[in-house]
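Okay, target-v8.txt is below, compact mmCIF, C-alpha atoms:
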# COMPACT_ATOMS: atom_id res chain seq x y z
CA VAL Y 1 0.00 0.00 0.00
CA LYS Y 2 1.27 3.45 -0.81
CA LYS Y 3 1.93 5.60 2.25
CA ASN Y 4 -0.06 8.51 0.85
CA ILE Y 5 -3.19 6.33 0.63
CA LEU Y 6 -2.83 5.77 4.37
CA ASN Y 7 -2.12 9.50 4.87
CA ASN Y 8 -5.36 10.38 3.05
CA LEU Y 9 -7.37 8.05 5.27
CA VAL Y 10 -5.69 9.24 8.47
CA ALA Y 11 -6.32 12.87 7.43
CA ARG Y 12 -10.02 11.92 7.44
CA ASN Y 13 -9.79 10.60 11.01
CA CYS Y 14 -9.61 6.92 10.12
CA TYR Y 15 -7.94 4.53 12.55
CA LEU Y 16 -6.08 2.03 10.38
CA LYS Y 17 -4.55 -1.39 10.53
CA VAL Y 18 -2.63 -2.77 7.56
CA PHE Y 19 -2.72 -6.52 7.00
CA PRO Y 20 -0.39 -8.52 4.72
CA ALA Y 21 -2.07 -9.54 1.47
CA GLN Y 22 -2.48 -13.21 2.36
CA THR Y 23 -3.93 -12.70 5.85
CA PRO Y 24 -7.04 -14.89 6.25
CA PHE Y 25 -10.25 -12.88 6.38
CA SER Y 26 -11.19 -14.53 9.67
CA GLU Y 27 -8.16 -12.81 11.22
CA VAL Y 28 -8.84 -9.47 9.50
CA GLN Y 29 -12.48 -9.57 10.59
CA THR Y 30 -11.58 -9.89 14.29
CA TRP Y 31 -10.21 -6.35 14.17
CA GLY Y 32 -13.76 -5.04 13.77
CA ALA Y 33 -13.28 -2.56 10.94
CA ASP Y 34 -16.08 -0.25 9.79
CA GLY Y 35 -14.91 -0.67 6.18
CA TYR Y 36 -12.15 -2.15 4.06
CA PHE Y 37 -9.64 -0.73 1.63
CA LEU Y 38 -8.03 -2.92 -1.07
CA SER Y 39 -4.69 -1.45 -2.02
CA ASN Y 40 -2.57 -1.13 -5.08
CA GLY Y 41 0.20 -3.63 -5.75
CA PRO Y 42 2.19 -5.32 -8.48
CA GLY Y 43 1.37 -8.15 -10.81
CA ASP Y 44 -1.26 -9.88 -12.85
CA PRO Y 45 -4.52 -9.85 -10.88
CA SER Y 46 -5.87 -12.94 -12.66
CA VAL Y 47 -3.40 -15.21 -10.81
CA MET Y 48 -4.17 -13.81 -7.35
CA ASN Y 49 -6.86 -16.28 -6.33
CA TYR Y 50 -6.13 -15.72 -2.63
CA ALA Y 51 -6.87 -11.97 -3.05
CA VAL Y 52 -10.11 -12.62 -4.93
CA GLU Y 53 -11.23 -15.09 -2.24
CA SER Y 54 -10.42 -12.55 0.49
CA ALA Y 55 -12.28 -9.81 -1.41
CA LYS Y 56 -15.34 -12.07 -1.75
CA ASN Y 57 -15.36 -12.55 2.03
CA ILE Y 58 -14.83 -8.84 2.66
CA ILE Y 59 -17.68 -7.86 0.33
CA ALA Y 60 -19.96 -10.53 1.82
CA ALA Y 61 -19.44 -8.89 5.24
CA GLY Y 62 -21.56 -6.00 3.90
CA LYS Y 63 -19.28 -3.17 4.96
CA PRO Y 64 -18.00 -0.43 2.62
CA VAL Y 65 -15.12 -1.40 0.34
CA PHE Y 66 -12.87 0.95 -1.66
CA GLY Y 67 -10.17 -0.30 -4.02
CA ILE Y 68 -7.40 1.45 -5.90
CA CYS Y 69 -5.39 0.05 -8.85
CA LEU Y 70 -4.81 -3.66 -8.11
CA GLY Y 71 -7.60 -3.42 -5.54
CA HIS Y 72 -9.88 -2.20 -8.35
CA GLN Y 73 -8.93 -5.19 -10.49
CA ILE Y 74 -9.44 -7.64 -7.60
CA ILE Y 75 -12.92 -6.19 -6.96
CA ALA Y 76 -13.76 -6.68 -10.64
CA LEU Y 77 -12.57 -10.30 -10.54
CA THR Y 78 -14.64 -10.86 -7.40
CA PHE Y 79 -17.78 -10.03 -9.38
CA GLY Y 80 -16.83 -12.36 -12.23
CA LEU Y 81 -15.37 -9.72 -14.54
CA SER Y 82 -12.11 -10.41 -16.30
CA THR Y 83 -8.95 -8.34 -16.61
CA TYR Y 84 -6.52 -8.23 -19.49
CA LYS Y 85 -2.96 -7.10 -20.10
CA MET Y 86 -2.92 -3.81 -21.95
CA HIS Y 87 -0.78 -3.41 -25.07
CA ASN Y 88 0.48 -0.13 -23.60
CA GLY Y 89 -0.12 0.42 -19.92
CA HIS Y 90 -0.94 3.78 -18.39
CA ARG Y 91 2.08 5.35 -16.72
CA GLY Y 92 2.69 8.79 -15.27
CA LEU Y 93 0.74 11.97 -14.72
CA ASN Y 94 -1.89 13.94 -16.61
CA HIS Y 95 -4.16 11.15 -17.82
CA PRO Y 96 -7.64 12.59 -18.42
CA VAL Y 97 -10.44 10.53 -16.87
CA ARG Y 98 -14.14 11.28 -17.18
CA ASN Y 99 -16.23 10.78 -14.07
CA LEU Y 100 -19.53 9.56 -15.54
CA ILE Y 101 -21.42 10.09 -12.27
CA LYS Y 102 -20.42 13.73 -11.73
CA ASN Y 103 -19.99 14.44 -15.46
CA HIS Y 104 -16.60 16.08 -15.20
CA CYS Y 105 -12.99 15.38 -16.14
CA GLU Y 106 -10.24 14.60 -13.66
CA ILE Y 107 -6.53 14.75 -14.35
CA THR Y 108 -5.03 11.61 -12.84
CA SER Y 109 -1.81 9.81 -12.01
CA GLN Y 110 -1.58 6.22 -13.25
CA ASN Y 111 0.71 3.20 -13.09
CA HIS Y 112 -0.89 0.01 -14.37
CA GLY Y 113 -0.59 -2.52 -17.16
CA PHE Y 114 -3.87 -4.42 -16.67
CA CYS Y 115 -7.44 -3.32 -17.23
CA VAL Y 116 -11.00 -4.49 -16.50
CA SER Y 117 -13.17 -5.60 -19.43
CA ALA Y 118 -15.76 -2.92 -20.27
CA ASP Y 119 -17.89 -5.32 -22.31
CA GLU Y 120 -18.31 -7.65 -19.35
CA ILE Y 121 -19.28 -4.76 -17.06
CA ASN Y 122 -21.96 -3.66 -19.50
CA ASP Y 123 -23.34 -7.23 -19.49
CA SER Y 124 -23.09 -7.79 -15.72
CA GLY Y 125 -26.21 -6.01 -14.48
CA GLU Y 126 -24.76 -5.50 -10.98
CA ILE Y 127 -21.67 -3.40 -11.73
CA GLU Y 128 -21.54 -0.05 -13.48
CA ILE Y 129 -18.69 1.93 -14.98
CA THR Y 130 -18.10 5.19 -13.10
CA HIS Y 131 -14.93 6.46 -14.81
CA ILE Y 132 -13.39 6.07 -18.26
CA ASN Y 133 -10.01 7.05 -19.65
CA LEU Y 134 -10.45 9.76 -22.26
CA ASN Y 135 -7.32 8.72 -24.17
CA ASP Y 136 -8.36 5.15 -24.94
CA ASN Y 137 -11.85 4.65 -23.38
CA THR Y 138 -10.64 1.98 -20.95
CA VAL Y 139 -12.38 1.43 -17.61
CA GLU Y 140 -11.00 3.62 -14.82
CA GLY Y 141 -13.67 3.11 -12.15
CA ILE Y 142 -16.58 0.89 -11.18
CA ARG Y 143 -19.17 0.55 -8.44
CA HIS Y 144 -21.69 -2.04 -7.38
CA LYS Y 145 -25.28 -0.97 -7.95
CA SER Y 146 -26.61 -2.14 -4.57
CA LYS Y 147 -23.58 -2.79 -2.32
CA PRO Y 148 -21.23 -0.15 -0.83
CA VAL Y 149 -18.34 -1.19 -3.08
CA PHE Y 150 -16.43 1.04 -5.49
CA SER Y 151 -12.97 1.30 -7.00
CA VAL Y 152 -10.74 3.22 -9.38
CA GLN Y 153 -7.85 2.14 -11.55
CA TYR Y 154 -5.82 5.33 -11.12
CA HIS Y 155 -4.20 6.89 -8.04
CA PRO Y 156 -6.32 9.58 -6.34
CA GLU Y 157 -3.72 9.76 -3.56
CA ALA Y 158 -0.96 10.88 -5.92
CA ALA Y 159 1.56 13.18 -4.29
CA PRO Y 160 2.53 15.82 -5.29
CA GLY Y 161 -0.50 15.54 -7.55
CA PRO Y 162 -2.71 15.81 -9.48
CA ASN Y 163 -5.27 15.96 -6.69
CA ASP Y 164 -8.50 16.13 -8.74
CA ALA Y 165 -9.76 12.82 -7.36
CA ASN Y 166 -9.10 13.25 -3.63
CA TYR Y 167 -12.89 13.40 -3.17
CA LEU Y 168 -12.93 9.59 -3.54
CA PHE Y 169 -11.55 9.27 -0.02
CA ASP Y 170 -14.42 11.49 1.19
CA ASP Y 171 -16.87 9.26 -0.69
CA PHE Y 172 -15.47 6.23 1.16
CA ILE Y 173 -15.70 8.00 4.54
CA ASN Y 174 -19.32 8.95 3.79
CA LEU Y 175 -20.13 5.27 3.24
CA LEU Y 176 -18.64 4.48 6.68
CA ASN Y 177 -20.85 6.97 8.49
What does this structure look like when you write it as structure tokens?
Amino acid sequence: VKKNILNNLVARNCYLKVFPAQTPFSEVQTWGADGYFLSNGPGDPSVMNYAVESAKNIIAAGKPVFGICLGHQIIALTFGLSTYKMHNGHRGLNHPVRNLIKNHCEITSQNHGFCVSADEINDSGEIEITHINLNDNTVEGIRHKSKPVFSVQYHPEAAPGPNDANYLFDDFINLLN
């Protein structure tokens, strides 16, 4: 997990505990969290069965869940959506992303080589696309239609910026309250 993700949550008065990626959910659950955050990380999400199984358990607990980057991809896999390796990944600053819910553009920081299948989201019925990349129309954010679960592919915590998407941490906190 990137330190600035934790900084953004602490700045919003969250009390945090970080667990290693392969910690069993039964152990995580004993901590009594009000919500869960699925962090960024390296690698191909399609081979991380342990993470998908943990995410299924986390989501089944019914508490708010927010994922960034790899966490976004794991959430997608949890709902039966597939990911694929991009021909050219998104790296660096100043990637324009359209927020479909708020109907505005955000300038984002990105560092990923895998993406969630838009076609499968459109066919799913339970997941909706919330953000798209304006350079190549790839999926940049999703949310569940009836559960408090959402995620983005990019890095709203980017430091020194851009900071256009910091509101996502506020959205997560609002789900906790």
Checklist outcome for this item: Asn49 in chain Y proximity check over Y:Val97, Y:Ala158, Y:Ala21, Y:Leu175, using all atoms listed in the file: winner is Y:Ala21
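Counting only C-alpha atoms, range 77-86 of chain Y has the following residues at most 9 Å away, ignoring those fewer than 4 positions along the same chain: Asp44, Pro45, Ser46, Ala51, Val52, Glu53, Ala55, Lys56, Ile59, His72, Gln73, His90, His112, Gly113, Phe114, Cys115, Val116, Ser117, Ala118, Glu120, Ile121, Ser124, Glu126 and Ile127 of chain Y.
Rounded to one decimal, CA of His155 in chain Y and CA of Trp31 in chain Y lie 26.5 Å from each other.
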Item to check | Polymer residues at most 10 Å from Leu6 in chain Y, only C-alpha atoms, same-chain spacing of 2 or more positions, as a list in words | outcome: Val1, Lys2, Lys3, Asn4, Asn8, Leu9, Val10, Ala11, Arg12, Cys14, Tyr15, Leu16, Lys17, Val18, Phe37, Ser39 and Glu157 of chain Y
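Comparing the minimum interatomic distances between Ser109 in chain Y and each of Y:Leu134, Y:Val149, Y:Cys69, Y:Leu93, counting all atoms listed in the file, we find that Y:Leu93 sits nearest.
In terms of minimum interatomic distance to Gly62 in chain Y, Y:Gly35 ranks closest within Y:Ile74, Y:Thr138, Y:Gly35, Y:Pro96, counting all atoms listed in the file.
CA of Glu27 in chain Y lies 28.5 Å from CA of Pro156 in chain Y.
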For range 30-48 of chain Y, where the input has fewer atoms than it should, I would like N, CA, C and O atoms rebuilt and written as a PDB file, keeping the file's coordinate frame.
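Writing the result to out26.pdb gives the following:
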ATOM      1  N   THR Y  30     -11.598 -10.029  12.822  1.00  0.00           N
ATOM      2  CA  THR Y  30     -11.580  -9.890  14.290  1.00  0.00           C
ATOM      3  C   THR Y  30     -11.196  -8.481  14.715  1.00  0.00           C
ATOM      4  O   THR Y  30     -11.472  -8.087  15.845  1.00  0.00           O
ATOM      5  N   TRP Y  31     -10.597  -7.714  13.826  1.00  0.00           N
ATOM      6  CA  TRP Y  31     -10.210  -6.350  14.170  1.00  0.00           C
ATOM      7  C   TRP Y  31     -11.431  -5.435  14.284  1.00  0.00           C
ATOM      8  O   TRP Y  31     -11.399  -4.415  14.947  1.00  0.00           O
ATOM      9  N   GLY Y  32     -12.517  -5.803  13.634  1.00  0.00           N
ATOM     10  CA  GLY Y  32     -13.760  -5.040  13.770  1.00  0.00           C
ATOM     11  C   GLY Y  32     -13.821  -3.753  12.981  1.00  0.00           C
ATOM     12  O   GLY Y  32     -14.373  -2.761  13.444  1.00  0.00           O
ATOM     13  N   ALA Y  33     -13.306  -3.766  11.779  1.00  0.00           N
ATOM     14  CA  ALA Y  33     -13.280  -2.560  10.940  1.00  0.00           C
ATOM     15  C   ALA Y  33     -14.683  -2.126  10.528  1.00  0.00           C
ATOM     16  O   ALA Y  33     -15.593  -2.944  10.388  1.00  0.00           O
ATOM     17  N   ASP Y  34     -14.827  -0.814  10.309  1.00  0.00           N
ATOM     18  CA  ASP Y  34     -16.080  -0.250   9.790  1.00  0.00           C
ATOM     19  C   ASP Y  34     -16.147  -0.368   8.266  1.00  0.00           C
ATOM     20  O   ASP Y  34     -17.217  -0.243   7.672  1.00  0.00           O
ATOM     21  N   GLY Y  35     -14.999  -0.556   7.627  1.00  0.00           N
ATOM     22  CA  GLY Y  35     -14.910  -0.670   6.180  1.00  0.00           C
ATOM     23  C   GLY Y  35     -13.553  -1.224   5.810  1.00  0.00           C
ATOM     24  O   GLY Y  35     -12.667  -1.360   6.671  1.00  0.00           O
ATOM     25  N   TYR Y  36     -13.394  -1.526   4.535  1.00  0.00           N
ATOM     26  CA  TYR Y  36     -12.150  -2.150   4.060  1.00  0.00           C
ATOM     27  C   TYR Y  36     -11.623  -1.416   2.846  1.00  0.00           C
ATOM     28  O   TYR Y  36     -12.390  -0.975   1.982  1.00  0.00           O
ATOM     29  N   PHE Y  37     -10.312  -1.328   2.773  1.00  0.00           N
ATOM     30  CA  PHE Y  37      -9.640  -0.730   1.630  1.00  0.00           C
ATOM     31  C   PHE Y  37      -8.758  -1.788   0.991  1.00  0.00           C
ATOM     32  O   PHE Y  37      -7.969  -2.441   1.686  1.00  0.00           O
ATOM     33  N   LEU Y  38      -8.880  -1.979  -0.327  1.00  0.00           N
ATOM     34  CA  LEU Y  38      -8.030  -2.920  -1.070  1.00  0.00           C
ATOM     35  C   LEU Y  38      -7.016  -2.102  -1.847  1.00  0.00           C
ATOM     36  O   LEU Y  38      -7.364  -1.299  -2.705  1.00  0.00           O
ATOM     37  N   SER Y  39      -5.751  -2.330  -1.539  1.00  0.00           N
ATOM     38  CA  SER Y  39      -4.690  -1.450  -2.020  1.00  0.00           C
ATOM     39  C   SER Y  39      -4.172  -1.804  -3.407  1.00  0.00           C
ATOM     40  O   SER Y  39      -4.498  -2.835  -3.982  1.00  0.00           O
ATOM     41  N   ASN Y  40      -3.327  -0.919  -3.856  1.00  0.00           N
ATOM     42  CA  ASN Y  40      -2.570  -1.130  -5.080  1.00  0.00           C
ATOM     43  C   ASN Y  40      -1.534  -2.225  -4.826  1.00  0.00           C
ATOM     44  O   ASN Y  40      -1.348  -2.677  -3.708  1.00  0.00           O
ATOM     45  N   GLY Y  41      -0.853  -2.627  -5.869  1.00  0.00           N
ATOM     46  CA  GLY Y  41       0.200  -3.630  -5.750  1.00  0.00           C
ATOM     47  C   GLY Y  41       0.626  -4.088  -7.128  1.00  0.00           C
ATOM     48  O   GLY Y  41       0.009  -3.722  -8.123  1.00  0.00           O
ATOM     49  N   PRO Y  42       1.669  -4.885  -7.184  1.00  0.00           N
ATOM     50  CA  PRO Y  42       2.190  -5.320  -8.480  1.00  0.00           C
ATOM     51  C   PRO Y  42       1.548  -6.613  -8.970  1.00  0.00           C
ATOM     52  O   PRO Y  42       0.956  -7.350  -8.199  1.00  0.00           O
ATOM     53  N   GLY Y  43       1.677  -6.850 -10.257  1.00  0.00           N
ATOM     54  CA  GLY Y  43       1.370  -8.150 -10.810  1.00  0.00           C
ATOM     55  C   GLY Y  43       0.075  -8.288 -11.556  1.00  0.00           C
ATOM     56  O   GLY Y  43      -0.733  -7.370 -11.649  1.00  0.00           O
ATOM     57  N   ASP Y  44      -0.091  -9.491 -12.075  1.00  0.00           N
ATOM     58  CA  ASP Y  44      -1.260  -9.880 -12.850  1.00  0.00           C
ATOM     59  C   ASP Y  44      -2.369 -10.281 -11.884  1.00  0.00           C
ATOM     60  O   ASP Y  44      -2.248 -11.280 -11.172  1.00  0.00           O
ATOM     61  N   PRO Y  45      -3.465  -9.539 -11.842  1.00  0.00           N
ATOM     62  CA  PRO Y  45      -4.520  -9.850 -10.880  1.00  0.00           C
ATOM     63  C   PRO Y  45      -5.185 -11.209 -11.118  1.00  0.00           C
ATOM     64  O   PRO Y  45      -5.706 -11.818 -10.186  1.00  0.00           O
ATOM     65  N   SER Y  46      -5.159 -11.700 -12.343  1.00  0.00           N
ATOM     66  CA  SER Y  46      -5.870 -12.940 -12.660  1.00  0.00           C
ATOM     67  C   SER Y  46      -5.247 -14.173 -12.013  1.00  0.00           C
ATOM     68  O   SER Y  46      -5.879 -15.231 -11.983  1.00  0.00           O
ATOM     69  N   VAL Y  47      -4.042 -14.067 -11.478  1.00  0.00           N
ATOM     70  CA  VAL Y  47      -3.400 -15.210 -10.810  1.00  0.00           C
ATOM     71  C   VAL Y  47      -3.418 -15.060  -9.292  1.00  0.00           C
ATOM     72  O   VAL Y  47      -2.800 -15.851  -8.589  1.00  0.00           O
ATOM     73  N   MET Y  48      -4.126 -14.078  -8.794  1.00  0.00           N
ATOM     74  CA  MET Y  48      -4.170 -13.810  -7.350  1.00  0.00           C
ATOM     75  C   MET Y  48      -5.458 -14.346  -6.744  1.00  0.00           C
ATOM     76  O   MET Y  48      -6.260 -13.612  -6.168  1.00  0.00           O
TER      77      MET Y  48
END
